[in-house]
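**Q** Below you'll find protein15.txt; it's compact mmCIF, C-alpha atoms and all ligand atoms.
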# COMPACT_ATOMS: atom_id res chain seq x y z
CA MET A 14 -91.80 -72.43 117.19
CA THR A 15 -88.42 -71.14 118.46
CA GLU A 16 -86.38 -68.51 116.57
CA PRO A 17 -84.44 -70.34 113.82
CA GLY A 18 -80.71 -70.70 114.36
CA LEU A 19 -78.30 -73.62 114.52
CA ILE A 20 -79.73 -76.77 116.03
CA VAL A 21 -77.18 -79.42 116.95
CA ILE A 22 -78.50 -82.89 117.79
CA GLY A 23 -76.11 -84.62 120.20
CA SER A 24 -73.64 -83.45 122.84
CA GLY A 25 -70.66 -85.66 122.03
CA PRO A 26 -67.44 -84.15 120.64
CA ALA A 27 -68.93 -83.62 117.15
CA GLY A 28 -71.95 -81.76 118.51
CA VAL A 29 -70.06 -79.54 120.94
CA SER A 30 -67.38 -78.61 118.45
CA ALA A 31 -70.02 -77.89 115.76
CA ALA A 32 -71.72 -75.43 118.13
CA GLU A 33 -68.38 -73.84 119.02
CA ALA A 34 -67.29 -73.43 115.38
CA PHE A 35 -70.66 -72.04 114.28
CA ARG A 36 -70.52 -69.48 117.07
CA ALA A 37 -66.97 -68.50 116.09
CA HIS A 38 -68.31 -67.60 112.62
CA ASN A 39 -71.66 -66.18 113.67
CA SER A 40 -72.06 -64.24 116.89
CA ASP A 41 -75.80 -63.50 116.52
CA ALA A 42 -77.92 -66.51 115.56
CA PRO A 43 -79.22 -68.70 118.38
CA VAL A 44 -77.26 -71.93 118.89
CA ARG A 45 -78.92 -74.85 120.64
CA ILE A 46 -77.58 -78.30 121.45
CA LEU A 47 -80.39 -80.82 121.99
CA THR A 48 -79.18 -84.00 123.58
CA ALA A 49 -80.76 -87.14 124.97
CA ASP A 50 -77.93 -87.42 127.49
CA PRO A 51 -78.84 -85.74 130.80
CA ALA A 52 -75.22 -85.01 131.80
CA LEU A 53 -73.04 -81.98 131.09
CA PRO A 54 -71.18 -83.00 127.88
CA TYR A 55 -68.30 -85.27 128.81
CA ALA A 56 -65.35 -87.12 127.29
CA ARG A 57 -65.90 -90.81 126.56
CA PRO A 58 -62.24 -91.95 126.27
CA PRO A 59 -61.64 -91.86 130.07
CA LEU A 60 -64.76 -93.98 130.73
CA SER A 61 -62.89 -97.21 129.95
CA LYS A 62 -59.62 -95.94 131.44
CA GLU A 63 -59.06 -93.47 134.34
CA TYR A 64 -62.76 -93.13 135.20
CA LEU A 65 -63.35 -96.89 135.33
CA ARG A 66 -60.26 -97.31 137.49
CA GLY A 67 -61.64 -94.71 139.92
CA GLU A 68 -58.72 -92.33 139.28
CA THR A 69 -60.91 -89.40 138.21
CA ASP A 70 -64.50 -88.20 138.28
CA ASP A 71 -63.79 -85.17 136.14
CA VAL A 72 -64.73 -86.04 132.58
CA ALA A 73 -66.56 -82.84 131.54
CA GLN A 74 -65.62 -81.54 128.08
CA HIS A 75 -66.04 -77.96 129.34
CA PRO A 76 -67.31 -76.33 132.54
CA GLU A 77 -70.97 -75.24 132.53
CA GLN A 78 -70.13 -71.54 132.12
CA TRP A 79 -68.25 -72.29 128.86
CA TYR A 80 -71.62 -72.72 127.13
CA ASP A 81 -73.09 -69.53 128.69
CA GLN A 82 -70.02 -67.51 127.70
CA ARG A 83 -70.62 -68.47 124.06
CA SER A 84 -74.42 -68.14 124.19
CA ILE A 85 -74.73 -71.83 123.38
CA LYS A 86 -77.93 -73.18 124.91
CA LEU A 87 -77.56 -76.74 126.09
CA ILE A 88 -80.91 -78.54 126.31
CA ALA A 89 -80.08 -81.86 127.97
CA GLY A 90 -82.24 -84.92 128.57
CA VAL A 91 -84.31 -84.27 125.41
CA CYS A 92 -84.67 -86.89 122.70
CA VAL A 93 -85.24 -85.54 119.19
CA ASP A 94 -88.05 -87.45 117.47
CA SER A 95 -87.74 -86.18 113.91
CA ILE A 96 -86.53 -83.54 111.48
CA ASP A 97 -89.07 -81.95 109.16
CA LEU A 98 -87.21 -80.80 106.07
CA GLN A 99 -90.28 -79.07 104.59
CA THR A 100 -91.07 -76.82 107.56
CA ARG A 101 -87.36 -76.67 108.57
CA CYS A 102 -87.83 -77.73 112.16
CA VAL A 103 -86.52 -80.30 114.58
CA ILE A 104 -89.22 -81.94 116.68
CA ALA A 105 -88.75 -83.12 120.25
CA GLY A 106 -91.99 -84.08 121.98
CA ASP A 107 -94.37 -81.10 121.71
CA THR A 108 -91.63 -78.60 120.92
CA HIS A 109 -90.73 -77.54 117.39
CA PHE A 110 -87.29 -75.98 117.02
CA GLY A 111 -87.07 -73.99 113.81
CA TYR A 112 -83.65 -74.20 112.20
CA ARG A 113 -81.53 -72.18 109.84
CA ALA A 114 -79.11 -75.14 109.81
CA VAL A 115 -79.05 -78.45 111.65
CA VAL A 116 -76.10 -80.69 112.54
CA LEU A 117 -76.78 -84.36 113.18
CA ALA A 118 -74.18 -85.48 115.70
CA CYS A 119 -76.09 -88.47 117.09
CA GLY A 120 -73.04 -90.73 117.35
CA ALA A 121 -73.46 -94.44 117.79
CA ALA A 122 -75.05 -96.86 120.25
CA PRO A 123 -73.57 -100.13 121.48
CA ALA A 124 -74.59 -103.08 119.33
CA LYS A 125 -76.99 -105.42 121.11
CA LEU A 126 -75.60 -108.82 122.08
CA GLN A 127 -77.90 -111.05 119.99
CA ILE A 128 -77.72 -114.24 122.05
CA PRO A 129 -80.05 -115.78 124.63
CA GLY A 130 -79.54 -113.89 127.91
CA GLY A 131 -77.55 -111.18 126.08
CA GLN A 132 -79.42 -108.42 127.90
CA ALA A 133 -77.69 -109.51 131.14
CA ALA A 134 -74.41 -108.10 129.86
CA MET A 135 -73.56 -104.50 130.74
CA GLN A 136 -72.57 -102.02 128.04
CA LEU A 137 -70.22 -99.06 128.01
CA ARG A 138 -71.04 -95.95 126.00
CA SER A 139 -72.44 -93.28 128.31
CA LEU A 140 -71.36 -91.81 131.62
CA THR A 141 -74.36 -93.56 133.19
CA ASP A 142 -73.11 -96.90 131.80
CA ALA A 143 -69.64 -96.17 133.22
CA GLN A 144 -71.06 -95.26 136.64
CA ARG A 145 -72.98 -98.56 136.73
CA LEU A 146 -69.94 -100.54 135.62
CA ARG A 147 -67.61 -98.88 138.11
CA HIS A 148 -70.13 -99.54 140.88
CA ALA A 149 -70.59 -103.18 139.86
CA ALA A 150 -66.79 -103.66 139.73
CA LYS A 151 -66.54 -102.75 143.43
CA ASP A 152 -68.49 -105.87 144.41
CA ALA A 153 -67.10 -108.18 141.71
CA ASP A 154 -64.38 -110.80 142.12
CA THR A 155 -64.66 -112.00 138.54
CA ALA A 156 -65.60 -110.47 135.19
CA VAL A 157 -66.01 -111.59 131.60
CA VAL A 158 -65.51 -108.98 128.89
CA ILE A 159 -66.93 -110.01 125.54
CA GLY A 160 -65.13 -108.47 122.56
CA ALA A 161 -61.49 -107.44 122.21
CA GLY A 162 -61.75 -104.17 120.30
CA PHE A 163 -59.98 -101.25 121.93
CA ILE A 164 -62.84 -100.56 124.37
CA GLY A 165 -62.96 -104.23 125.38
CA CYS A 166 -59.17 -104.38 125.89
CA GLU A 167 -59.12 -101.09 127.83
CA ALA A 168 -62.08 -101.98 130.06
CA ALA A 169 -60.70 -105.47 130.74
CA THR A 170 -57.32 -104.13 131.82
CA SER A 171 -58.90 -101.33 133.89
CA LEU A 172 -61.09 -103.88 135.71
CA ALA A 173 -58.05 -106.10 136.29
CA ARG A 174 -56.26 -103.10 137.81
CA GLN A 175 -59.16 -102.92 140.31
CA GLY A 176 -58.35 -106.45 141.47
CA VAL A 177 -61.08 -108.19 139.46
CA ALA A 178 -60.11 -111.51 137.81
CA VAL A 179 -60.96 -110.75 134.18
CA THR A 180 -61.44 -113.10 131.24
CA LEU A 181 -61.54 -111.42 127.83
CA VAL A 182 -63.26 -113.57 125.20
CA ALA A 183 -63.22 -112.90 121.46
CA PRO A 184 -63.51 -114.73 118.12
CA GLN A 185 -59.96 -114.10 116.97
CA ALA A 186 -56.81 -115.84 118.21
CA ALA A 187 -55.39 -112.43 119.12
CA PRO A 188 -57.23 -109.11 119.67
CA GLN A 189 -58.04 -107.27 116.42
CA GLU A 190 -55.97 -109.63 114.34
CA LYS A 191 -58.32 -109.13 111.41
CA ARG A 192 -58.22 -105.33 111.51
CA LEU A 193 -54.56 -104.74 112.45
CA GLY A 194 -52.82 -107.95 111.35
CA ALA A 195 -51.51 -110.95 113.26
CA GLU A 196 -48.27 -109.30 114.41
CA ALA A 197 -50.10 -106.35 115.96
CA GLY A 198 -52.75 -108.70 117.37
CA TRP A 199 -50.14 -110.73 119.24
CA GLN A 200 -48.61 -107.55 120.66
CA LEU A 201 -52.07 -106.62 121.96
CA ARG A 202 -52.53 -110.09 123.37
CA GLN A 203 -49.26 -109.73 125.27
CA LEU A 204 -50.27 -106.29 126.58
CA VAL A 205 -53.59 -107.52 127.98
CA ALA A 206 -51.83 -110.57 129.51
CA ASP A 207 -49.18 -108.30 131.09
CA ALA A 208 -52.04 -106.29 132.60
CA GLY A 209 -53.34 -109.46 134.30
CA VAL A 210 -56.19 -110.31 131.92
CA ARG A 211 -56.79 -113.90 130.75
CA TYR A 212 -57.45 -113.85 126.99
CA VAL A 213 -59.54 -116.63 125.50
CA GLY A 214 -59.55 -116.42 121.69
CA GLU A 215 -61.25 -118.31 118.86
CA VAL A 216 -64.51 -118.57 120.75
CA SER A 217 -67.95 -117.03 120.62
CA VAL A 218 -70.48 -116.67 123.40
CA GLU A 219 -73.59 -118.79 122.91
CA GLU A 220 -75.68 -117.74 125.89
CA ILE A 221 -75.66 -116.12 129.30
CA VAL A 222 -77.65 -117.81 132.06
CA ASP A 223 -77.53 -116.87 135.75
CA ARG A 224 -74.20 -115.03 135.44
CA LYS A 225 -72.72 -117.97 133.54
CA VAL A 226 -71.19 -117.26 130.15
CA ARG A 227 -71.39 -120.33 127.92
CA LEU A 228 -68.86 -120.46 125.09
CA ASN A 229 -69.21 -122.41 121.85
CA ASN A 230 -66.26 -124.65 122.85
CA GLY A 231 -68.35 -126.13 125.67
CA VAL A 232 -66.67 -124.11 128.42
CA THR A 233 -68.85 -122.13 130.85
CA ILE A 234 -67.36 -119.23 132.82
CA ASP A 235 -68.97 -118.08 136.08
CA SER A 236 -68.80 -114.34 136.41
CA ASP A 237 -69.96 -111.64 138.83
CA LEU A 238 -69.88 -109.04 136.08
CA ILE A 239 -70.32 -109.36 132.31
CA LEU A 240 -69.51 -106.56 129.89
CA ALA A 241 -70.35 -106.68 126.19
CA ALA A 242 -67.93 -104.60 124.12
CA THR A 243 -69.07 -105.88 120.77
CA GLY A 244 -69.03 -102.76 118.63
CA VAL A 245 -71.43 -99.95 117.88
CA ARG A 246 -74.21 -99.08 115.46
CA PRO A 247 -74.40 -95.49 114.11
CA ARG A 248 -77.66 -93.78 115.16
CA THR A 249 -79.07 -93.03 111.73
CA GLU A 250 -82.80 -93.27 112.61
CA LEU A 251 -83.45 -89.49 112.36
CA ALA A 252 -81.59 -89.27 109.05
CA GLU A 253 -83.42 -92.29 107.64
CA THR A 254 -86.89 -90.96 108.46
CA ALA A 255 -85.94 -87.56 107.04
CA GLY A 256 -84.98 -89.34 103.80
CA LEU A 257 -81.27 -88.40 103.83
CA ASP A 258 -78.80 -90.48 101.80
CA ILE A 259 -77.42 -93.39 103.84
CA LYS A 260 -74.58 -95.71 102.84
CA ASN A 261 -72.89 -98.48 104.83
CA ALA A 262 -75.31 -97.68 107.69
CA ARG A 263 -74.04 -94.06 107.96
CA VAL A 264 -75.23 -90.65 106.82
CA VAL A 265 -73.46 -89.67 103.60
CA VAL A 266 -71.78 -86.24 103.74
CA GLY A 267 -69.30 -84.35 101.59
CA ALA A 268 -65.94 -83.09 102.84
CA ASP A 269 -67.85 -80.02 104.17
CA MET A 270 -70.15 -82.36 106.17
CA GLN A 271 -73.28 -81.40 104.20
CA THR A 272 -75.83 -84.20 103.82
CA SER A 273 -78.05 -84.78 100.79
CA ALA A 274 -80.51 -82.16 102.18
CA PRO A 275 -79.93 -78.39 102.13
CA ASP A 276 -78.72 -76.90 105.43
CA VAL A 277 -78.54 -80.32 107.07
CA TYR A 278 -75.08 -81.48 108.15
CA ALA A 279 -73.78 -84.60 109.90
CA ALA A 280 -70.49 -85.28 111.71
CA GLY A 281 -68.78 -87.85 113.91
CA ASP A 282 -69.58 -91.54 114.33
CA VAL A 283 -72.93 -91.19 112.53
CA ALA A 284 -71.39 -89.77 109.34
CA LEU A 285 -69.71 -91.27 106.30
CA ALA A 286 -67.61 -88.29 105.24
CA HIS A 287 -65.58 -87.66 102.11
CA ASN A 288 -61.92 -87.04 102.92
CA THR A 289 -60.19 -84.88 100.31
CA ALA A 290 -56.70 -86.26 101.06
CA ALA A 291 -57.88 -89.88 100.79
CA GLY A 292 -59.99 -89.06 97.73
CA ARG A 293 -62.82 -91.20 99.07
CA ALA A 294 -65.34 -91.51 101.88
CA VAL A 295 -63.87 -92.79 105.13
CA ALA A 296 -65.81 -94.11 108.15
CA VAL A 297 -64.28 -93.31 111.54
CA GLU A 298 -65.20 -93.86 115.18
CA HIS A 299 -62.56 -91.75 116.91
CA TRP A 300 -62.76 -88.86 119.35
CA GLN A 301 -60.48 -86.35 117.60
CA ASP A 302 -62.03 -87.01 114.20
CA ALA A 303 -65.48 -86.34 115.66
CA VAL A 304 -64.12 -83.03 117.03
CA ASP A 305 -62.60 -82.16 113.63
CA GLN A 306 -65.69 -83.11 111.64
CA GLY A 307 -67.93 -81.24 114.07
CA ALA A 308 -65.82 -78.10 113.64
CA ILE A 309 -66.15 -78.41 109.85
CA ALA A 310 -69.93 -78.93 110.08
CA GLY A 311 -70.24 -75.88 112.36
CA ALA A 312 -68.14 -73.68 110.08
CA SER A 313 -69.87 -74.89 106.89
CA SER A 314 -73.32 -74.34 108.39
CA ALA A 315 -72.30 -70.75 109.17
CA GLY A 316 -71.34 -70.24 105.53
CA ALA A 317 -67.55 -70.62 105.87
CA ASN A 318 -65.38 -72.83 103.67
CA ALA A 319 -64.09 -75.93 105.45
CA ASN A 320 -63.17 -79.41 104.24
CA TRP A 321 -62.06 -82.63 105.94
CA ASP A 322 -58.55 -83.74 104.91
CA ALA A 323 -57.04 -85.04 108.17
CA VAL A 324 -55.71 -88.58 108.50
CA PRO A 325 -57.96 -90.26 111.08
CA GLY A 326 -56.42 -91.64 114.24
CA PHE A 327 -56.62 -92.31 117.92
CA TRP A 328 -54.61 -93.23 121.00
CA THR A 329 -55.47 -96.12 123.31
CA THR A 330 -54.08 -97.14 126.69
CA ILE A 331 -53.94 -100.84 127.55
CA GLY A 332 -52.58 -101.38 131.04
CA ASP A 333 -49.72 -98.90 131.23
CA THR A 334 -48.98 -98.88 127.51
CA THR A 335 -50.19 -96.28 125.04
CA LEU A 336 -50.63 -97.18 121.38
CA LYS A 337 -51.11 -94.57 118.66
CA TYR A 338 -52.82 -95.34 115.39
CA ARG A 339 -53.37 -93.36 112.21
CA ALA A 340 -54.96 -94.89 109.13
CA TRP A 341 -57.63 -94.45 106.51
CA GLY A 342 -59.03 -97.54 108.21
CA ASP A 343 -60.51 -99.21 105.13
CA GLY A 344 -57.96 -101.99 104.74
CA TYR A 345 -54.38 -102.64 103.64
CA ARG A 346 -52.55 -105.17 101.52
CA HIS A 347 -49.28 -105.69 103.38
CA SER A 348 -48.14 -104.96 106.92
CA ARG A 349 -44.82 -105.19 108.72
CA LEU A 350 -43.93 -104.91 112.38
CA LEU A 351 -40.57 -103.46 113.36
CA GLU A 352 -39.30 -103.72 116.93
CA ARG A 353 -38.24 -100.36 118.35
CA GLY A 354 -36.35 -99.90 121.64
CA GLY A 355 -39.09 -100.51 124.25
CA GLY A 356 -41.82 -100.52 121.62
CA PHE A 357 -42.74 -101.21 118.00
CA THR A 358 -44.14 -99.78 114.80
CA VAL A 359 -46.46 -101.56 112.38
CA TRP A 360 -46.57 -100.09 108.88
CA TYR A 361 -49.56 -100.73 106.62
CA GLU A 362 -49.39 -100.39 102.84
CA ALA A 363 -51.74 -100.73 99.86
CA ASP A 364 -50.90 -100.18 96.18
CA GLY A 365 -47.42 -98.96 97.09
CA LYS A 366 -48.76 -96.24 99.44
CA ALA A 367 -48.70 -95.92 103.22
CA VAL A 368 -52.28 -96.32 104.48
CA GLY A 369 -51.72 -96.81 108.21
CA VAL A 370 -49.27 -96.84 111.10
CA LEU A 371 -49.59 -98.27 114.61
CA THR A 372 -46.92 -97.26 117.11
CA CYS A 373 -45.90 -98.04 120.66
CA ASN A 374 -43.19 -95.77 122.10
CA ALA A 375 -42.28 -94.64 118.60
CA ASP A 376 -43.69 -91.12 118.26
CA ASP A 377 -41.34 -90.24 115.41
CA ASP A 378 -42.89 -93.01 113.30
CA TYR A 379 -46.37 -91.90 114.32
CA GLU A 380 -45.65 -88.35 113.08
CA LEU A 381 -43.90 -89.57 109.93
CA GLY A 382 -46.70 -92.04 109.24
CA GLY A 383 -49.32 -89.27 109.35
CA ASP A 384 -47.40 -87.27 106.74
CA LEU A 385 -46.79 -90.26 104.45
CA ILE A 386 -50.40 -91.42 104.60
CA LYS A 387 -51.73 -87.95 103.83
CA ALA A 388 -49.33 -87.49 100.91
CA GLY A 389 -49.97 -91.01 99.55
CA ASP A 390 -46.22 -91.74 99.77
CA PRO A 391 -44.71 -95.23 100.26
CA VAL A 392 -43.91 -96.64 103.70
CA PRO A 393 -40.24 -96.08 104.71
CA VAL A 394 -39.39 -99.81 105.03
CA ALA A 395 -39.34 -102.85 102.75
CA MET A 396 -42.58 -104.76 103.22
CA SER A 397 -42.89 -108.50 103.76
CA ARG A 398 -45.00 -109.90 100.91
C1 LIG A 401 -65.71 -96.10 126.63
C2 LIG A 401 -65.23 -95.44 125.37
C3 LIG A 401 -63.88 -95.17 125.21
C4 LIG A 401 -63.42 -94.56 124.05
N1 LIG A 401 -62.10 -94.30 123.92
C5 LIG A 401 -61.64 -93.68 122.81
C6 LIG A 401 -60.27 -93.35 122.68
O1 LIG A 401 -59.46 -93.63 123.55
N2 LIG A 401 -59.88 -92.71 121.55
C7 LIG A 401 -60.76 -92.39 120.56
O2 LIG A 401 -60.37 -91.79 119.55
N3 LIG A 401 -62.08 -92.70 120.66
C8 LIG A 401 -62.53 -93.33 121.75
N4 LIG A 401 -63.87 -93.64 121.86
C9 LIG A 401 -64.77 -93.34 120.73
C10 LIG A 401 -65.26 -91.88 120.79
O3 LIG A 401 -65.71 -91.57 122.07
C11 LIG A 401 -66.35 -91.66 119.76
O4 LIG A 401 -65.78 -91.86 118.48
C12 LIG A 401 -66.94 -90.27 119.87
O5 LIG A 401 -67.58 -90.07 121.11
C13 LIG A 401 -67.95 -90.01 118.74
O6 LIG A 401 -68.45 -88.72 118.92
P1 LIG A 401 -69.86 -88.26 118.34
O7 LIG A 401 -69.99 -86.83 118.75
O8 LIG A 401 -69.95 -88.60 116.91
O9 LIG A 401 -70.96 -89.15 119.07
P2 LIG A 401 -71.24 -89.49 120.59
O10 LIG A 401 -70.08 -89.16 121.46
O11 LIG A 401 -71.78 -90.88 120.60
O12 LIG A 401 -72.43 -88.51 120.98
C14 LIG A 401 -73.71 -88.66 120.40
C15 LIG A 401 -74.70 -87.80 121.14
O13 LIG A 401 -75.95 -87.79 120.45
C16 LIG A 401 -77.00 -87.92 121.39
N5 LIG A 401 -78.18 -88.40 120.66
C17 LIG A 401 -78.28 -89.51 119.89
N6 LIG A 401 -79.53 -89.59 119.36
C18 LIG A 401 -80.21 -88.51 119.81
C19 LIG A 401 -81.55 -88.02 119.63
N7 LIG A 401 -82.44 -88.65 118.84
N8 LIG A 401 -81.91 -86.89 120.27
C20 LIG A 401 -81.02 -86.21 121.06
N9 LIG A 401 -79.76 -86.63 121.26
C21 LIG A 401 -79.35 -87.75 120.64
C22 LIG A 401 -76.42 -88.83 122.44
O14 LIG A 401 -77.13 -88.77 123.65
C23 LIG A 401 -75.00 -88.25 122.56
O15 LIG A 401 -74.99 -87.12 123.37
C24 LIG A 401 -64.34 -94.24 123.02
C25 LIG A 401 -65.71 -94.53 123.18
C26 LIG A 401 -66.16 -95.11 124.34
C27 LIG A 401 -67.62 -95.42 124.51
Represent the structure of the file as structure tokens.
Ligand SMILES: Cc1cc2nc3c(=O)[nH]c(=O)nc-3n(C[C@H](O)[C@H](O)[C@H](O)COP(=O)(O)OP(=O)(O)OC[C@H]3O[C@@H](n4cnc5c(N)ncnc54)[C@H](O)[C@@H]3O)c2cc1C

**A**
Amino acid sequence: MTEPGLIVIGSGPAGVSAAEAFRAHNSDAPVRILTADPALPYARPPLSKEYLRGETDDVAQHPEQWYDQRSIKLIAGVCVDSIDLQTRCVIAGDTHFGYRAVVLACGAAPAKLQIPGGQAAMQLRSLTDAQRLRHAAKDADTAVVIGAGFIGCEAATSLARQGVAVTLVAPQAAPQEKRLGAEAGWQLRQLVADAGVRYVGEVSVEEIVDRKVRLNNGVTIDSDLILAATGVRPRTELAETAGLDIKNARVVVGADMQTSAPDVYAAGDVALAHNTAAGRAVAVEHWQDAVDQGAIAGASSAGANANWDAVPGFWTTIGDTTLKYRAWGDGYRHSRLLERGGGFTVWYEADGKAVGVLTCNADDDYELGGDLIKAGDPVPVAMSR
């Protein structure tokens, strides 16, 4: 058994920032990151953008020496099998890692495409996935991207930029209409069209046979490359077998990222964390929130006081256009789009309070929106009812 210290499971943003924050509060105890991913920890956001377009190969979160300088031991290519709460150890193969505290930062895995032939579609989560996709794009004339969430929209427009003729297929008439409202959805639809992508909405894929994607409207699309961007599933298996509280398919944690078990924390995509400003638990799948939650888990596990109160948010780039979004993300009652010079703002409101803002070339609204949402103040415009 190894000397007990902090064990972090996962080398995404939540895991790396948990290790960094723990070390900032405790310079002595061993800190280990165990991760199934064989690569030096990297950023995922460029994988559907600059990396996929071949504009960069440099996606490392930190250079290798960054970990050595902080005495953070990175143990890559190791899959954790279980956590034993009684003996306080994390088990990976034959090795038992004793822990003083453990942070579950296992993230999420792409949801499987549950249709006949679904396994023929590529997926995009890891650097290895992105390498395969970028390689396949070199030989492809045509591509079908299934799913028009942000990753689907970004990947489709990046592939189109590479000269591939891309069809983006999704169930809604416009991308993310259900989540962001029809007005925002049609803006997204225009952005993907401007980037050279053909959007086919109100369809579902029934099967994939011999590189042919058959839609439920009877149309079949021949494609050299098929990418499924159909959402993710939080990786809660370790938490479930350890008997931790799970809700809405995520590990339940307080605002300090502590799970239902002593000295066991969770952060990032795998967690359902309480947000003190929202006054409720909020599920997020964003890079910066994973960094923030990881930092709180690392500080809390070192005995410091830290609580999550940030308004979640992310930026996305579709073609040449960057959109910025901040929201609690658990719904709204009314929304209103306002044209801004060269861009737009969509305000989201529930019960008379601002709960979200989506902006394009309107950074002042993005900043204002963050403040209003956090304070629970009304949106600054009359809403269409
Ligand atoms: C292509 C792409 C583009 C994105 N773009 C954006 C963007 O523009 N903006 C934004 O805000 N968000 C974006 N995201 C989402 C963002 O990357 C995630 O929200 C973030 O990575 C979540 O961080 P995490 O640390 O919780 O988990 P992850 O980054 O998923 O890391 C989880 C880690 O846990 C490891 N692991 C899992 N199970 C085990 C186990 N049993 N044993 C050992 N290791 C294990 C995995 O190997 C991995 O290292 C994007 C995601 C993708 C895939």

**Q** Counting all atoms listed in the file, what are the residues, protein, DNA or RNA alike, that approach ligand LIG 401 (chain A) to within 6 Å? I want them as an NGL selection string.

**A** :A and (22-28 or 47-50 or 57-58 or 60-61 or 91-94 or 118-121 or 137-138 or 164 or 281-283 or 298-301 or 303 or 327-329)

**Q** Contacts of range 171-182 of chain A at 6 Å or less, counting all atoms listed in the file, minus same-chain residues fewer than 2 places along, as a list in words?

**A** Lys62, Arg66, Asp154, Thr155, Ala156, Val157, Val158, Ile159, Ala168, Ala169, Val210, Arg211, Tyr212, Val213 and Gly214 of chain A

**Q** Store the residues picked out above in a file with C-alpha atoms, as a compact mmCIF listing (two decimals), keeping the file's coordinate frame.

**A**
# COMPACT_ATOMS: atom_id res chain seq x y z
CA LYS A 62 -59.62 -95.94 131.44
CA ARG A 66 -60.26 -97.31 137.49
CA ASP A 154 -64.38 -110.80 142.12
CA THR A 155 -64.66 -112.00 138.54
CA ALA A 156 -65.60 -110.47 135.19
CA VAL A 157 -66.01 -111.59 131.60
CA VAL A 158 -65.51 -108.98 128.89
CA ILE A 159 -66.93 -110.01 125.54
CA ALA A 168 -62.08 -101.98 130.06
CA ALA A 169 -60.70 -105.47 130.74
CA VAL A 210 -56.19 -110.31 131.92
CA ARG A 211 -56.79 -113.90 130.75
CA TYR A 212 -57.45 -113.85 126.99
CA VAL A 213 -59.54 -116.63 125.50
CA GLY A 214 -59.55 -116.42 121.69

**Q** Between CA of Tyr345 in chain A and CA of Ala280 in chain A, what is the distance, to one decimal in Å?

**A**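 Separating CA of Tyr345 in chain A from CA of Ala280 in chain A is a distance of 25.0 Å.
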
**Q** Record the distance separating CA of Gly209 in chain A and CA of Ala149 in chain A, expressed in Å with one decimal.

**A**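 Calculated distance between CA of Gly209 in chain A and CA of Ala149 in chain A is 19.2 Å.
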
**Q** Measuring atom to atom with all atoms listed in the file, identify which of A:Ala286, A:Met396, A:Leu193, A:Ala375 is nearest to Ala340 in chain A.

**A**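 Closest residue, counting all atoms listed in the file: A:Leu193.
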
**Q** Using all atoms listed in the file, which residue out of A:Phe163, A:Tyr379, A:Trp360, A:Tyr112 lies closest to Gly332 in chain A?

**A**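 Among the listed residues, A:Phe163 lies closest to Gly332 in chain A.
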
**Q** Pick from A:Asp152, A:Asp107, A:Asp258, A:Glu68: nearest to Ala279 in chain A, with all atoms listed in the file counted?

**A**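 Among the listed residues, the smallest separation from Ala279 in chain A belongs to A:Asp258.
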
**Q** Out of A:Gly356, A:Pro51, A:Gly244, A:Gly267, which residue has the shortest atom-to-atom distance to Gln136 in chain A when counting only C-alpha atoms?

**A** A:Gly244

**Q** Could you check how far CA of Asp322 in chain A sits from CA of Ala290 in chain A, in Å to one decimal?

**A** 5.0 Å

**Q** Which residues, written as a JSON list (two decimals) with C-alpha atoms, in the coordinates of the input, have at least one atom at most 8 Å from Gly382 in chain A, with all atoms listed in the file counted and residues fewer than 6 positions away on the same chain left out?

**A**
[["chain", "number", "residue", "atom", "x", "y", "z"],
["A", 339, "ARG", "CA", -53.37, -93.36, 112.21],
["A", 367, "ALA", "CA", -48.70, -95.92, 103.22],
["A", 369, "GLY", "CA", -51.72, -96.81, 108.21],
["A", 370, "VAL", "CA", -49.27, -96.84, 111.10],
["A", 392, "VAL", "CA", -43.91, -96.64, 103.70]]

**Q** Edge lengths and centre in Å to one decimal, as AutoDock Vina command-line options, of the axis-aligned box that encloses all listed atoms of range 222-230 of chain A with 3 Å added on every side?

**A**
--center_x -72.0 --center_y -119.8 --center_z 128.8 --size_x 17.4 --size_y 15.6 --size_z 19.9

**Q** Which residue out of A:Phe357, A:Arg349, A:Ala114, A:Ile128 has the minimum interatomic distance to Pro393 in chain A when all atoms listed in the file are used?

**A**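 Looking only at the distances to Pro393 in chain A, the closest residue turns out to be A:Arg349.
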
**Q** I'd like the neighbourhood of Ala310 in chain A as a ChimeraX atom specification, where a residue qualifies if any of its atoms comes within 7 Å (using all atoms listed in the file), though same-chain residues fewer than 6 positions away should be ignored.

**A** /A:31,116,269-270,278-280

**Q** What's around Ile221 in chain A at 9 Å? Count only C-alpha atoms, leave out sequence neighbours fewer than 4 positions away in its own chain, and write the answer as a list in words.

**A**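 Surrounding residues, per the criterion: Ile128, Pro129, Gly130, Gly131, Gln132, Ala133, Ala134, Lys225, Val226 and Arg227 of chain A.
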
**Q** My list of candidates is A:Asp302, A:Glu220, A:Glu16, A:Glu77. Which is closest to Val324 in chain A when distances are computed with all atoms listed in the file?

**A**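 Looking only at the distances to Val324 in chain A, the closest residue turns out to be A:Asp302.
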